[in-house]
$ cat input-v2.cif   # mmCIF, C-alpha atoms and all ligand atoms; chains and numbers go by the auth columns
data_my_file
#
loop_
_atom_site.group_PDB
_atom_site.id
_atom_site.type_symbol
_atom_site.label_atom_id
_atom_site.label_comp_id
_atom_site.label_asym_id
_atom_site.label_seq_id
_atom_site.Cartn_x
_atom_site.Cartn_y
_atom_site.Cartn_z
_atom_site.B_iso_or_equiv
_atom_site.auth_seq_id
_atom_site.auth_asym_id
ATOM 1 C CA MET A 1 -9.483 -59.847 263.462 0.00 11 M
ATOM 2 C CA LYS A 2 -5.759 -59.914 264.191 0.00 12 M
ATOM 3 C CA SER A 3 -3.713 -62.097 261.887 0.00 13 M
ATOM 4 C CA LEU A 4 -0.140 -63.282 261.490 0.00 14 M
ATOM 5 C CA ILE A 5 1.565 -64.712 258.416 0.00 15 M
ATOM 6 C CA ILE A 6 4.631 -66.939 258.795 0.00 16 M
ATOM 7 C CA TYR A 7 6.337 -67.831 255.526 0.00 17 M
ATOM 8 C CA ARG A 8 9.455 -69.146 253.827 0.00 18 M
ATOM 9 C CA SER A 9 10.440 -68.157 250.293 0.00 19 M
ATOM 10 C CA VAL A 10 13.915 -69.269 249.249 0.00 20 M
ATOM 11 C CA HIS A 11 13.958 -69.894 245.504 0.00 21 M
ATOM 12 C CA LYS A 12 12.701 -66.829 243.595 0.00 22 M
ATOM 13 C CA GLY A 13 10.704 -64.831 246.150 0.00 23 M
ATOM 14 C CA ASN A 14 7.456 -66.138 244.617 0.00 24 M
ATOM 15 C CA THR A 15 5.820 -67.035 247.925 0.00 25 M
ATOM 16 C CA GLU A 16 6.962 -63.782 249.500 0.00 26 M
ATOM 17 C CA LYS A 17 5.094 -61.902 246.754 0.00 27 M
ATOM 18 C CA ILE A 18 1.905 -63.808 247.566 0.00 28 M
ATOM 19 C CA ALA A 19 2.455 -63.463 251.326 0.00 29 M
ATOM 20 C CA LYS A 20 2.725 -59.679 251.037 0.00 30 M
ATOM 21 C CA VAL A 21 -0.498 -59.430 249.027 0.00 31 M
ATOM 22 C CA ILE A 22 -2.409 -61.498 251.599 0.00 32 M
ATOM 23 C CA ALA A 23 -0.876 -59.433 254.415 0.00 33 M
ATOM 24 C CA GLU A 24 -1.969 -56.223 252.695 0.00 34 M
ATOM 25 C CA GLU A 25 -5.558 -57.435 252.316 0.00 35 M
ATOM 26 C CA LEU A 26 -5.819 -58.778 255.863 0.00 36 M
ATOM 27 C CA ILE A 27 -3.776 -55.928 257.392 0.00 37 M
ATOM 28 C CA SER A 28 -1.741 -58.708 258.904 0.00 38 M
ATOM 29 C CA ASP A 29 1.558 -58.998 260.682 0.00 39 M
ATOM 30 C CA ILE A 30 3.988 -60.871 258.469 0.00 40 M
ATOM 31 C CA VAL A 31 7.299 -62.547 259.244 0.00 41 M
ATOM 32 C CA SER A 32 9.702 -64.879 257.499 0.00 42 M
ATOM 33 C CA VAL A 33 10.049 -68.051 259.575 0.00 43 M
ATOM 34 C CA SER A 34 13.806 -67.445 259.874 0.00 44 M
ATOM 35 C CA GLU A 35 13.152 -64.076 261.533 0.00 45 M
ATOM 36 C CA LEU A 36 10.428 -65.218 263.902 0.00 46 M
ATOM 37 C CA ASN A 37 11.493 -64.473 267.465 0.00 47 M
ATOM 38 C CA ASN A 38 8.196 -64.199 269.300 0.00 48 M
ATOM 39 C CA PHE A 39 6.609 -67.636 269.386 0.00 49 M
ATOM 40 C CA ASP A 40 3.615 -66.520 271.432 0.00 50 M
ATOM 41 C CA VAL A 41 0.662 -66.339 269.045 0.00 51 M
ATOM 42 C CA SER A 42 -2.082 -66.120 271.669 0.00 52 M
ATOM 43 C CA SER A 43 -3.042 -62.562 270.657 0.00 53 M
ATOM 44 C CA TYR A 44 -3.837 -63.596 267.050 0.00 54 M
ATOM 45 C CA ASP A 45 -7.204 -64.793 265.716 0.00 55 M
ATOM 46 C CA LEU A 46 -5.897 -66.170 262.429 0.00 56 M
ATOM 47 C CA ILE A 47 -2.500 -67.562 261.440 0.00 57 M
ATOM 48 C CA GLY A 48 -1.293 -68.191 257.875 0.00 58 M
ATOM 49 C CA PHE A 49 1.567 -70.473 256.897 0.00 59 M
ATOM 50 C CA GLY A 50 3.106 -70.016 253.446 0.00 60 M
ATOM 51 C CA SER A 51 5.933 -71.679 251.591 0.00 61 M
ATOM 52 C CA GLY A 52 7.350 -72.581 248.226 0.00 62 M
ATOM 53 C CA ILE A 53 7.046 -76.285 247.508 0.00 63 M
ATOM 54 C CA TYR A 54 10.400 -78.013 247.725 0.00 64 M
ATOM 55 C CA MET A 55 10.708 -81.750 247.046 0.00 65 M
ATOM 56 C CA ALA A 56 6.929 -82.134 247.113 0.00 66 M
ATOM 57 C CA ASN A 57 6.520 -80.486 250.514 0.00 67 M
ATOM 58 C CA PHE A 58 6.113 -77.240 252.393 0.00 68 M
ATOM 59 C CA ASN A 59 9.426 -76.024 253.785 0.00 69 M
ATOM 60 C CA GLY A 60 10.512 -78.018 256.862 0.00 70 M
ATOM 61 C CA PHE A 61 11.013 -74.916 259.047 0.00 71 M
ATOM 62 C CA VAL A 62 7.456 -73.754 258.370 0.00 72 M
ATOM 63 C CA ILE A 63 6.103 -77.189 259.278 0.00 73 M
ATOM 64 C CA SER A 64 8.198 -77.626 262.408 0.00 74 M
ATOM 65 C CA VAL A 65 7.616 -74.127 263.799 0.00 75 M
ATOM 66 C CA ILE A 66 3.984 -75.090 264.460 0.00 76 M
ATOM 67 C CA ASP A 67 5.081 -77.311 267.375 0.00 77 M
ATOM 68 C CA LYS A 68 6.890 -74.335 268.936 0.00 78 M
ATOM 69 C CA LEU A 69 4.072 -71.780 268.852 0.00 79 M
ATOM 70 C CA GLN A 70 2.609 -70.910 272.236 0.00 80 M
ATOM 71 C CA GLY A 71 -1.142 -70.403 272.414 0.00 81 M
ATOM 72 C CA PHE A 72 -1.710 -72.067 269.027 0.00 82 M
ATOM 73 C CA ASN A 73 -4.299 -74.553 270.296 0.00 83 M
ATOM 74 C CA GLY A 74 -7.718 -73.937 268.689 0.00 84 M
ATOM 75 C CA LYS A 75 -6.503 -71.153 266.381 0.00 85 M
ATOM 76 C CA LYS A 76 -7.921 -70.604 262.902 0.00 86 M
ATOM 77 C CA VAL A 77 -5.288 -71.317 260.291 0.00 87 M
ATOM 78 C CA PHE A 78 -4.783 -70.955 256.544 0.00 88 M
ATOM 79 C CA ILE A 79 -2.037 -72.256 254.290 0.00 89 M
ATOM 80 C CA PHE A 80 -0.708 -71.006 250.962 0.00 90 M
ATOM 81 C CA SER A 81 2.047 -72.033 248.595 0.00 91 M
ATOM 82 C CA THR A 82 3.644 -71.478 245.216 0.00 92 M
ATOM 83 C CA SER A 83 4.924 -74.412 243.205 0.00 93 M
ATOM 84 C CA GLY A 84 6.356 -75.380 239.844 0.00 94 M
ATOM 85 C CA SER A 85 3.592 -77.829 239.070 0.00 95 M
ATOM 86 C CA PRO A 86 -0.059 -77.241 239.866 0.00 96 M
ATOM 87 C CA LYS A 87 -1.555 -78.767 242.970 0.00 97 M
ATOM 88 C CA SER A 88 -3.697 -81.792 242.208 0.00 98 M
ATOM 89 C CA PHE A 89 -5.104 -84.956 243.723 0.00 99 M
ATOM 90 C CA PHE A 90 -1.886 -86.740 242.751 0.00 100 M
ATOM 91 C CA ASN A 91 0.315 -83.873 243.825 0.00 101 M
ATOM 92 C CA SER A 92 -0.953 -83.026 247.298 0.00 102 M
ATOM 93 C CA PHE A 93 2.162 -81.522 248.814 0.00 103 M
ATOM 94 C CA ASP A 94 0.303 -80.167 251.838 0.00 104 M
ATOM 95 C CA LYS A 95 -0.260 -83.471 253.658 0.00 105 M
ATOM 96 C CA ARG A 96 2.555 -82.999 256.196 0.00 106 M
ATOM 97 C CA ILE A 97 1.662 -79.440 257.131 0.00 107 M
ATOM 98 C CA LYS A 98 -2.032 -80.302 257.420 0.00 108 M
ATOM 99 C CA LYS A 99 -1.172 -83.220 259.707 0.00 109 M
ATOM 100 C CA LYS A 100 0.970 -80.936 261.871 0.00 110 M
ATOM 101 C CA ILE A 101 -1.801 -78.328 262.100 0.00 111 M
ATOM 102 C CA LYS A 102 -4.272 -81.033 263.139 0.00 112 M
ATOM 103 C CA GLU A 103 -1.890 -82.496 265.745 0.00 113 M
ATOM 104 C CA ASN A 104 -1.636 -79.044 267.330 0.00 114 M
ATOM 105 C CA ASN A 105 -5.421 -78.503 267.246 0.00 115 M
ATOM 106 C CA GLY A 106 -5.395 -75.784 264.620 0.00 116 M
ATOM 107 C CA ILE A 107 -8.562 -75.273 262.563 0.00 117 M
ATOM 108 C CA LEU A 108 -7.872 -75.052 258.830 0.00 118 M
ATOM 109 C CA VAL A 109 -10.141 -72.394 257.309 0.00 119 M
ATOM 110 C CA GLY A 110 -8.486 -71.734 253.949 0.00 120 M
ATOM 111 C CA GLU A 111 -5.886 -72.874 251.444 0.00 121 M
ATOM 112 C CA PHE A 112 -4.400 -71.288 248.359 0.00 122 M
ATOM 113 C CA ASN A 113 -1.834 -72.354 245.780 0.00 123 M
ATOM 114 C CA CYS A 114 -0.559 -70.826 242.587 0.00 124 M
ATOM 115 C CA GLN A 115 2.284 -71.642 240.260 0.00 125 M
ATOM 116 C CA GLY A 116 5.558 -69.774 240.494 0.00 126 M
ATOM 117 C CA PHE A 117 8.655 -69.370 238.351 0.00 127 M
ATOM 118 C CA ASP A 118 10.712 -72.528 238.769 0.00 128 M
ATOM 119 C CA ALA A 119 14.290 -72.830 237.589 0.00 129 M
ATOM 120 C CA PHE A 120 15.245 -75.780 239.754 0.00 130 M
ATOM 121 C CA GLY A 121 17.190 -78.781 238.453 0.00 131 M
ATOM 122 C CA PRO A 122 16.425 -79.731 234.867 0.00 132 M
ATOM 123 C CA PHE A 123 14.128 -76.713 234.418 0.00 133 M
ATOM 124 C CA LYS A 124 17.200 -74.483 234.656 0.00 134 M
ATOM 125 C CA LEU A 125 18.413 -75.945 231.353 0.00 135 M
ATOM 126 C CA VAL A 126 15.348 -74.629 229.551 0.00 136 M
ATOM 127 C CA GLY A 127 15.399 -71.235 231.281 0.00 137 M
ATOM 128 C CA GLY A 128 12.823 -72.249 233.863 0.00 138 M
ATOM 129 C CA ILE A 129 9.065 -72.821 233.721 0.00 139 M
ATOM 130 C CA ASN A 130 6.144 -70.513 234.625 0.00 140 M
ATOM 131 C CA LYS A 131 8.107 -67.415 233.694 0.00 141 M
ATOM 132 C CA GLY A 132 6.598 -64.251 235.131 0.00 142 M
ATOM 133 C CA ARG A 133 4.483 -66.064 237.687 0.00 143 M
ATOM 134 C CA PRO A 134 2.974 -65.203 240.035 0.00 144 M
ATOM 135 C CA ASN A 135 1.514 -62.883 237.390 0.00 145 M
ATOM 136 C CA ASP A 136 -1.248 -60.263 237.570 0.00 146 M
ATOM 137 C CA LEU A 137 -3.980 -62.904 237.430 0.00 147 M
ATOM 138 C CA ASP A 138 -2.317 -64.898 240.234 0.00 148 M
ATOM 139 C CA ILE A 139 -2.127 -61.727 242.340 0.00 149 M
ATOM 140 C CA GLU A 140 -5.799 -60.990 241.660 0.00 150 M
ATOM 141 C CA ASN A 141 -6.731 -64.554 242.685 0.00 151 M
ATOM 142 C CA THR A 142 -4.620 -64.123 245.816 0.00 152 M
ATOM 143 C CA ARG A 143 -6.542 -60.950 246.681 0.00 153 M
ATOM 144 C CA LYS A 144 -9.854 -62.745 246.153 0.00 154 M
ATOM 145 C CA PHE A 145 -8.723 -65.560 248.439 0.00 155 M
ATOM 146 C CA ALA A 146 -7.662 -63.107 251.155 0.00 156 M
ATOM 147 C CA ARG A 147 -10.887 -61.101 250.927 0.00 157 M
ATOM 148 C CA LYS A 148 -12.995 -64.263 251.276 0.00 158 M
ATOM 149 C CA LEU A 149 -10.900 -65.259 254.258 0.00 159 M
ATOM 150 C CA LYS A 150 -11.494 -61.863 255.821 0.00 160 M
ATOM 151 C CA GLU A 151 -15.247 -62.002 255.227 0.00 161 M
ATOM 152 C CA ALA A 152 -15.611 -65.526 256.608 0.00 162 M
ATOM 153 C CA ASN A 153 -13.520 -65.040 259.720 0.00 163 M
HETATM 154 C C1 LIG B . 14.989 -77.253 245.710 0.00 201 N
HETATM 155 C C2 LIG B . 13.655 -77.059 244.988 0.00 201 N
HETATM 156 C C3 LIG B . 12.752 -78.100 244.943 0.00 201 N
HETATM 157 C C4 LIG B . 11.513 -77.932 244.295 0.00 201 N
HETATM 158 N N1 LIG B . 10.610 -78.972 244.309 0.00 201 N
HETATM 159 C C5 LIG B . 9.394 -78.794 243.738 0.00 201 N
HETATM 160 C C6 LIG B . 8.413 -79.837 243.788 0.00 201 N
HETATM 161 O O1 LIG B . 8.635 -80.919 244.332 0.00 201 N
HETATM 162 N N2 LIG B . 7.207 -79.610 243.203 0.00 201 N
HETATM 163 C C7 LIG B . 6.909 -78.421 242.582 0.00 201 N
HETATM 164 O O2 LIG B . 5.799 -78.280 242.077 0.00 201 N
HETATM 165 N N3 LIG B . 7.825 -77.418 242.529 0.00 201 N
HETATM 166 C C8 LIG B . 9.045 -77.565 243.100 0.00 201 N
HETATM 167 N N4 LIG B . 9.965 -76.536 243.075 0.00 201 N
HETATM 168 C C9 LIG B . 9.564 -75.228 242.472 0.00 201 N
HETATM 169 C C10 LIG B . 9.118 -74.240 243.539 0.00 201 N
HETATM 170 O O3 LIG B . 8.072 -74.772 244.326 0.00 201 N
HETATM 171 C C11 LIG B . 8.610 -72.941 242.914 0.00 201 N
HETATM 172 O O4 LIG B . 9.604 -72.362 242.122 0.00 201 N
HETATM 173 C C12 LIG B . 8.151 -71.973 244.003 0.00 201 N
HETATM 174 O O5 LIG B . 7.406 -70.938 243.443 0.00 201 N
HETATM 175 C C13 LIG B . 9.330 -71.418 244.779 0.00 201 N
HETATM 176 O O6 LIG B . 8.861 -70.522 245.748 0.00 201 N
HETATM 177 P P1 LIG B . 9.825 -69.411 246.348 0.00 201 N
HETATM 178 O O7 LIG B . 10.341 -68.547 245.239 0.00 201 N
HETATM 179 O O8 LIG B . 8.927 -68.679 247.295 0.00 201 N
HETATM 180 O O9 LIG B . 10.914 -70.144 247.082 0.00 201 N
HETATM 181 C C14 LIG B . 11.197 -76.684 243.678 0.00 201 N
HETATM 182 C C15 LIG B . 12.144 -75.637 243.707 0.00 201 N
HETATM 183 C C16 LIG B . 13.372 -75.812 244.357 0.00 201 N
HETATM 184 C C17 LIG B . 14.361 -74.677 244.380 0.00 201 N
#

$ encode --input "input-v2.cif" --output "structure tokens"
Amino acid sequence: MKSLIIYRSVHKGNTEKIAKVIAEELISDIVSVSELNNFDVSSYDLIGFGSGIYMANFNGFVISVIDKLQGFNGKKVFIFSTSGSPKSFFNSFDKRIKKKIKENNGILVGEFNCQGFDAFGPFKLVGGINKGRPNDLDIENTRKFARKLKEAN
């Protein structure tokens, strides 16, 4: 199984940490969306999109790059994110990226979220929240997610 991870991590490098762990487990190619220069993904079996959550959404570049990928139609896809607040029914910040994946006929086969250090806005005044995260347990959960993904695909 050949896989590619496309990610964006601008705040504290939290998502990059997670992206690298998944890439290690999957033995995947990995690229920051700003450095992506080959948009032809036809040779990949599985594509992962990762991002910090900014203003209740995945990063706009990560969402919009999906329209530009050649050979994306019918590909297996997974998404992952790090965020200040936990993902929940009321806090489903993945709606836009899921819609975009669906519009481009991607097949969502996995999703992962964990909390990350957040010193944005008012949180800066208190020294940030989720200090030290992603922590060892988050990394272990990331590995478990990636291994399951590998087994199932
Ligand atoms: C501009 C900005 C907006 C953010 N908005 C949210 C948000 O709406 N919801 C949330 O849970 N976290 C929010 N956060 C926290 C980030 O999602 C969190 O710190 C994440 O781990 C950052 O990932 P990164 O270090 O890979 O960029 C925001 C952070 C920044 C800098």

$ closest_residue --input "input-v2.cif" --among "M:Gly138, M:Gly126, M:Pro132, M:Pro144" --to "ligand LIG 201 (chain N)" --atoms "all atoms listed in the file"
M:Gly126

$ resolve_selection --input "input-v2.cif" --expression "the PyMOL selection byres (((chain M and resi 89) around 6) and not hetatm)" --output "number ranges by chain"
M: 58-60, 88, 90, 121

$ resolve_selection --input "input-v2.cif" --expression "the PyMOL selection byres (((chain M and resi 37) around 12) and not hetatm)" --output "NGL selection string"
:M and (11-15 or 29-36 or 38-40 or 56 or 156-157 or 160)

$ resolve_selection --input "input-v2.cif" --expression "the PyMOL selection byres (((not hetatm)) within 10 of (chain N and resi 201))" --output "VMD selection string"
chain M and resid 17 to 29 60 to 69 91 to 97 101 to 103 123 to 131 133 138 to 141 143 to 144

$ atom_distance --input "input-v2.cif" --atom1 "atom CA of M:Lys86" --atom2 "atom CA of M:Asp146"
28.2 Å

$ atom_distance --input "input-v2.cif" --atom1 "atom CA of M:Ser44" --atom2 "atom CA of M:Ile73"
12.4 Å

$ atom_distance --input "input-v2.cif" --atom1 "atom CA of M:Asn114" --atom2 "atom CA of M:Asn151"
29.0 Å

$ closest_residue --input "input-v2.cif" --among "M:Asn115, M:Gly120, M:Gly81, M:Phe71" --to "M:Leu159" --atoms "all atoms listed in the file"
M:Gly120

$ residues_around --input "input-v2.cif" --residues "M:Ile111" --least-positions-apart "2" --cutoff "12 Å" --atoms "all atoms listed in the file" --output "MDAnalysis selection string"
chainID M and resid 57:59 72:79 82:89 104:109 113:119

$ decode --input "input-v2.cif" --residues "stretch 35-46 of chain M" --atoms "all heavy atoms" --output "PDB file, in the first residue's frame"
ATOM      1  N   GLU M  35       4.568   4.988  10.709  1.00  0.00           N
ATOM      2  CA  GLU M  35       3.853   3.711  10.809  1.00  0.00           C
ATOM      3  C   GLU M  35       3.442   3.180   9.439  1.00  0.00           C
ATOM      4  O   GLU M  35       3.490   1.983   9.187  1.00  0.00           O
ATOM      5  CB  GLU M  35       2.599   3.858  11.687  1.00  0.00           C
ATOM      6  CG  GLU M  35       2.891   4.031  13.164  1.00  0.00           C
ATOM      7  CD  GLU M  35       3.476   2.782  13.814  1.00  0.00           C
ATOM      8  OE1 GLU M  35       3.254   1.669  13.320  1.00  0.00           O
ATOM      9  OE2 GLU M  35       4.189   2.941  14.834  1.00  0.00           O
ATOM     10  N   LEU M  36       3.005   4.091   8.571  1.00  0.00           N
ATOM     11  CA  LEU M  36       2.513   3.662   7.251  1.00  0.00           C
ATOM     12  C   LEU M  36       3.635   3.550   6.218  1.00  0.00           C
ATOM     13  O   LEU M  36       3.396   3.096   5.096  1.00  0.00           O
ATOM     14  CB  LEU M  36       1.471   4.655   6.715  1.00  0.00           C
ATOM     15  CG  LEU M  36       0.159   4.833   7.491  1.00  0.00           C
ATOM     16  CD1 LEU M  36      -0.724   5.859   6.789  1.00  0.00           C
ATOM     17  CD2 LEU M  36      -0.585   3.510   7.611  1.00  0.00           C
ATOM     18  N   ILE M  37       4.835   4.028   6.611  1.00  0.00           N
ATOM     19  CA  ILE M  37       5.951   4.173   5.651  1.00  0.00           C
ATOM     20  C   ILE M  37       5.438   4.975   4.449  1.00  0.00           C
ATOM     21  O   ILE M  37       5.424   4.526   3.303  1.00  0.00           O
ATOM     22  CB  ILE M  37       6.562   2.822   5.251  1.00  0.00           C
ATOM     23  CG1 ILE M  37       6.764   1.966   6.496  1.00  0.00           C
ATOM     24  CG2 ILE M  37       7.896   3.021   4.520  1.00  0.00           C
ATOM     25  CD1 ILE M  37       7.153   0.532   6.217  1.00  0.00           C
ATOM     26  N   SER M  38       4.987   6.172   4.795  1.00  0.00           N
ATOM     27  CA  SER M  38       4.263   7.006   3.840  1.00  0.00           C
ATOM     28  C   SER M  38       5.108   8.170   3.353  1.00  0.00           C
ATOM     29  O   SER M  38       5.986   8.652   4.062  1.00  0.00           O
ATOM     30  CB  SER M  38       3.032   7.544   4.579  1.00  0.00           C
ATOM     31  OG  SER M  38       2.355   8.488   3.815  1.00  0.00           O
ATOM     32  N   ASP M  39       4.814   8.633   2.162  1.00  0.00           N
ATOM     33  CA  ASP M  39       5.364   9.926   1.744  1.00  0.00           C
ATOM     34  C   ASP M  39       4.623  10.997   2.530  1.00  0.00           C
ATOM     35  O   ASP M  39       3.445  10.826   2.856  1.00  0.00           O
ATOM     36  CB  ASP M  39       5.141  10.140   0.242  1.00  0.00           C
ATOM     37  CG  ASP M  39       6.039   9.243  -0.596  1.00  0.00           C
ATOM     38  OD1 ASP M  39       6.994   8.687  -0.034  1.00  0.00           O
ATOM     39  OD2 ASP M  39       5.774   9.092  -1.802  1.00  0.00           O
ATOM     40  N   ILE M  40       5.298  12.085   2.815  1.00  0.00           N
ATOM     41  CA  ILE M  40       4.676  13.128   3.636  1.00  0.00           C
ATOM     42  C   ILE M  40       5.129  14.486   3.126  1.00  0.00           C
ATOM     43  O   ILE M  40       6.315  14.683   2.851  1.00  0.00           O
ATOM     44  CB  ILE M  40       5.020  12.923   5.145  1.00  0.00           C
ATOM     45  CG1 ILE M  40       4.521  14.103   5.981  1.00  0.00           C
ATOM     46  CG2 ILE M  40       6.473  12.645   5.398  1.00  0.00           C
ATOM     47  CD1 ILE M  40       4.602  13.850   7.495  1.00  0.00           C
ATOM     48  N   VAL M  41       4.174  15.417   2.991  1.00  0.00           N
ATOM     49  CA  VAL M  41       4.524  16.735   2.481  1.00  0.00           C
ATOM     50  C   VAL M  41       3.613  17.802   3.091  1.00  0.00           C
ATOM     51  O   VAL M  41       2.409  17.570   3.274  1.00  0.00           O
ATOM     52  CB  VAL M  41       4.467  16.759   0.927  1.00  0.00           C
ATOM     53  CG1 VAL M  41       3.073  16.509   0.391  1.00  0.00           C
ATOM     54  CG2 VAL M  41       5.008  18.057   0.367  1.00  0.00           C
ATOM     55  N   SER M  42       4.216  18.930   3.429  1.00  0.00           N
ATOM     56  CA  SER M  42       3.406  20.054   3.892  1.00  0.00           C
ATOM     57  C   SER M  42       2.694  20.617   2.656  1.00  0.00           C
ATOM     58  O   SER M  42       3.282  20.668   1.577  1.00  0.00           O
ATOM     59  CB  SER M  42       4.332  21.101   4.503  1.00  0.00           C
ATOM     60  OG  SER M  42       3.655  22.326   4.572  1.00  0.00           O
ATOM     61  N   VAL M  43       1.449  21.037   2.828  1.00  0.00           N
ATOM     62  CA  VAL M  43       0.659  21.465   1.665  1.00  0.00           C
ATOM     63  C   VAL M  43       1.347  22.617   0.933  1.00  0.00           C
ATOM     64  O   VAL M  43       1.249  22.739  -0.295  1.00  0.00           O
ATOM     65  CB  VAL M  43      -0.800  21.807   2.086  1.00  0.00           C
ATOM     66  CG1 VAL M  43      -0.877  23.081   2.902  1.00  0.00           C
ATOM     67  CG2 VAL M  43      -1.718  21.901   0.874  1.00  0.00           C
ATOM     68  N   SER M  44       2.095  23.446   1.660  1.00  0.00           N
ATOM     69  CA  SER M  44       2.770  24.582   1.033  1.00  0.00           C
ATOM     70  C   SER M  44       3.959  24.144   0.172  1.00  0.00           C
ATOM     71  O   SER M  44       4.460  24.905  -0.644  1.00  0.00           O
ATOM     72  CB  SER M  44       3.240  25.562   2.109  1.00  0.00           C
ATOM     73  OG  SER M  44       4.010  24.873   3.055  1.00  0.00           O
ATOM     74  N   GLU M  45       4.412  22.917   0.368  1.00  0.00           N
ATOM     75  CA  GLU M  45       5.558  22.425  -0.417  1.00  0.00           C
ATOM     76  C   GLU M  45       5.153  21.414  -1.478  1.00  0.00           C
ATOM     77  O   GLU M  45       5.996  20.858  -2.191  1.00  0.00           O
ATOM     78  CB  GLU M  45       6.581  21.790   0.523  1.00  0.00           C
ATOM     79  CG  GLU M  45       7.398  22.849   1.250  1.00  0.00           C
ATOM     80  CD  GLU M  45       8.084  22.331   2.492  1.00  0.00           C
ATOM     81  OE1 GLU M  45       8.155  21.101   2.679  1.00  0.00           O
ATOM     82  OE2 GLU M  45       8.523  23.173   3.293  1.00  0.00           O
ATOM     83  N   LEU M  46       3.855  21.177  -1.578  1.00  0.00           N
ATOM     84  CA  LEU M  46       3.382  20.186  -2.559  1.00  0.00           C
ATOM     85  C   LEU M  46       3.586  20.729  -3.966  1.00  0.00           C
ATOM     86  O   LEU M  46       3.095  21.803  -4.288  1.00  0.00           O
ATOM     87  CB  LEU M  46       1.896  19.897  -2.305  1.00  0.00           C
ATOM     88  CG  LEU M  46       1.264  18.785  -3.122  1.00  0.00           C
ATOM     89  CD1 LEU M  46       1.827  17.420  -2.718  1.00  0.00           C
ATOM     90  CD2 LEU M  46      -0.256  18.765  -2.947  1.00  0.00           C
TER      91      LEU M  46
END
